[in-house]
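Everything below concerns the one structure shown next.
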Amino acid sequence: METQSGTSRFDSLELDAGTVLTQVEVAWETYGTLNADKSNAILVLHAFSGDAHAAGDGGWWAAMIGPGKAFDTDRYFVICSNVLGGCLGTTGPASTDPSTGLPYGLDMPMVTIRDMVRA
């Protein structure tokens with residue numbers, strides 16, 4: 001199964017709370033191959049795992065993602081991104097606040113599901 005991982009960076013993201021996060025990072029992994037017209041993509045997100053590693057050894061949904069499985073990577077291109085406000089690669093409380101140089105900690109702005117989707 002073809003797998004890639006990385007981090008996408010965005011200059012800013014306006015949040016529902018009316019604040020703007022800057023220097024936003026989103027960790028992701030992909031499985032399978034995207035077809036020419038990009039119509040075979042499936043996005044999966046975790047609820048409690050805290051990371052974007054969904055398939056393969058130690059993947060939180062390894063039983064569901066892969067060749068011949070429910071999300072068949074011979075047919076689909078599966079994308080898993082770590083949610084905004086999470087940990088392990090996506091901007092969250094442990095990330096550095098660019099305005100202070102310190103971790104956001106309790107100063108991390110409130111994020112909503114809609115904010116996560118926009119990210």
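Identifiers in this document derive from the order of the structure tokens: chains are assigned A, B, ..., residues are numbered from 1 separately in each chain, and ligands are numbered from 1 in order of occurrence.
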
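The list of residues with at least one atom within 12 Å of segment 56-72 of chain A, based on only C-alpha atoms and without residues fewer than 6 positions apart in the same chain, reads Met1, Glu2, Thr3, Gln4, Glu29, Thr30, Tyr31, Gly32, Thr33, Asn40, Ala41, Ile42, Leu43, Val44, Leu45, His46, Ala47, Phe48, Ser49, Gly50, Val78, Ile79 and Cys80 of chain A.
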
Query raised in the report: Using only C-alpha atoms, which residue out of A:Thr22, A:His53, A:Gly86, A:Thr73 lies closest to Thr100 of chain A?
Result: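 Once distances to Thr100 of chain A are computed over only C-alpha atoms, the minimum belongs to A:Thr22.
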
As a PDB file with N, CA and C atoms, in the first residue's frame, please: the residues near segment 105-109 of chain A (cut-off 9 Å, only C-alpha atoms, same-chain neighbours under 6 positions excluded).
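Okay, this is what ended up in part17.pdb:
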ATOM      1  N   LEU A  15     -10.866  31.552  13.090  1.00  0.00           N
ATOM      2  CA  LEU A  15     -11.652  30.623  13.890  1.00  0.00           C
ATOM      3  C   LEU A  15     -13.051  31.168  14.137  1.00  0.00           C
ATOM      4  N   ALA A  17     -14.461  31.492  16.821  1.00  0.00           N
ATOM      5  CA  ALA A  17     -14.448  32.325  18.028  1.00  0.00           C
ATOM      6  C   ALA A  17     -14.072  33.779  17.731  1.00  0.00           C
ATOM      7  N   THR A  19     -11.094  34.761  16.558  1.00  0.00           N
ATOM      8  CA  THR A  19      -9.646  34.950  16.605  1.00  0.00           C
ATOM      9  C   THR A  19      -9.011  34.343  15.359  1.00  0.00           C
ATOM     10  N   VAL A  20      -7.752  34.657  15.153  1.00  0.00           N
ATOM     11  CA  VAL A  20      -7.020  34.127  14.007  1.00  0.00           C
ATOM     12  C   VAL A  20      -5.784  33.411  14.514  1.00  0.00           C
ATOM     13  N   LEU A  21      -5.645  32.149  14.133  1.00  0.00           N
ATOM     14  CA  LEU A  21      -4.415  31.417  14.412  1.00  0.00           C
ATOM     15  C   LEU A  21      -3.451  31.698  13.268  1.00  0.00           C
ATOM     16  N   GLY A  85      -6.147  21.563  17.087  1.00  0.00           N
ATOM     17  CA  GLY A  85      -6.290  21.540  18.535  1.00  0.00           C
ATOM     18  C   GLY A  85      -5.835  20.226  19.135  1.00  0.00           C
ATOM     19  N   GLY A  92      -1.915  22.881  18.237  1.00  0.00           N
ATOM     20  CA  GLY A  92      -2.720  22.659  19.431  1.00  0.00           C
ATOM     21  C   GLY A  92      -2.050  23.296  20.638  1.00  0.00           C
ATOM     22  N   PRO A  93      -2.489  22.984  21.844  1.00  0.00           N
ATOM     23  CA  PRO A  93      -1.968  23.615  23.051  1.00  0.00           C
ATOM     24  C   PRO A  93      -0.451  23.466  23.248  1.00  0.00           C
ATOM     25  N   ALA A  94       0.140  22.390  22.763  1.00  0.00           N
ATOM     26  CA  ALA A  94       1.586  22.198  22.928  1.00  0.00           C
ATOM     27  C   ALA A  94       2.404  22.955  21.875  1.00  0.00           C
ATOM     28  N   SER A  95       1.743  23.507  20.867  1.00  0.00           N
ATOM     29  CA  SER A  95       2.433  24.244  19.799  1.00  0.00           C
ATOM     30  C   SER A  95       2.887  25.614  20.299  1.00  0.00           C
ATOM     31  N   THR A  96       3.899  26.138  19.625  1.00  0.00           N
ATOM     32  CA  THR A  96       4.410  27.456  19.982  1.00  0.00           C
ATOM     33  C   THR A  96       3.507  28.550  19.424  1.00  0.00           C
ATOM     34  N   ASP A  97       3.092  29.451  20.294  1.00  0.00           N
ATOM     35  CA  ASP A  97       2.334  30.639  19.897  1.00  0.00           C
ATOM     36  C   ASP A  97       3.333  31.608  19.280  1.00  0.00           C
TER      37      ASP A  97
END

**Report entry** Sel. of helix (DSSP H, G or I) residues, chain A, as a ChimeraX atom specification
**Finding:** /A:105-107,113-118

Query raised in the report: Which residues come within 9 Å of Phe10 of chain A, counting only C-alpha atoms, excluding same-chain residues fewer than 3 positions away, as a PyMOL selection string?
Result: chain A and resi 13+22-26+119

Report task. Using atom CA of Ala52 of chain A and atom CA of Leu84 of chain A as the two end points, give the distance in Å to one decimal. Result ->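 The value is 11.3 Å.
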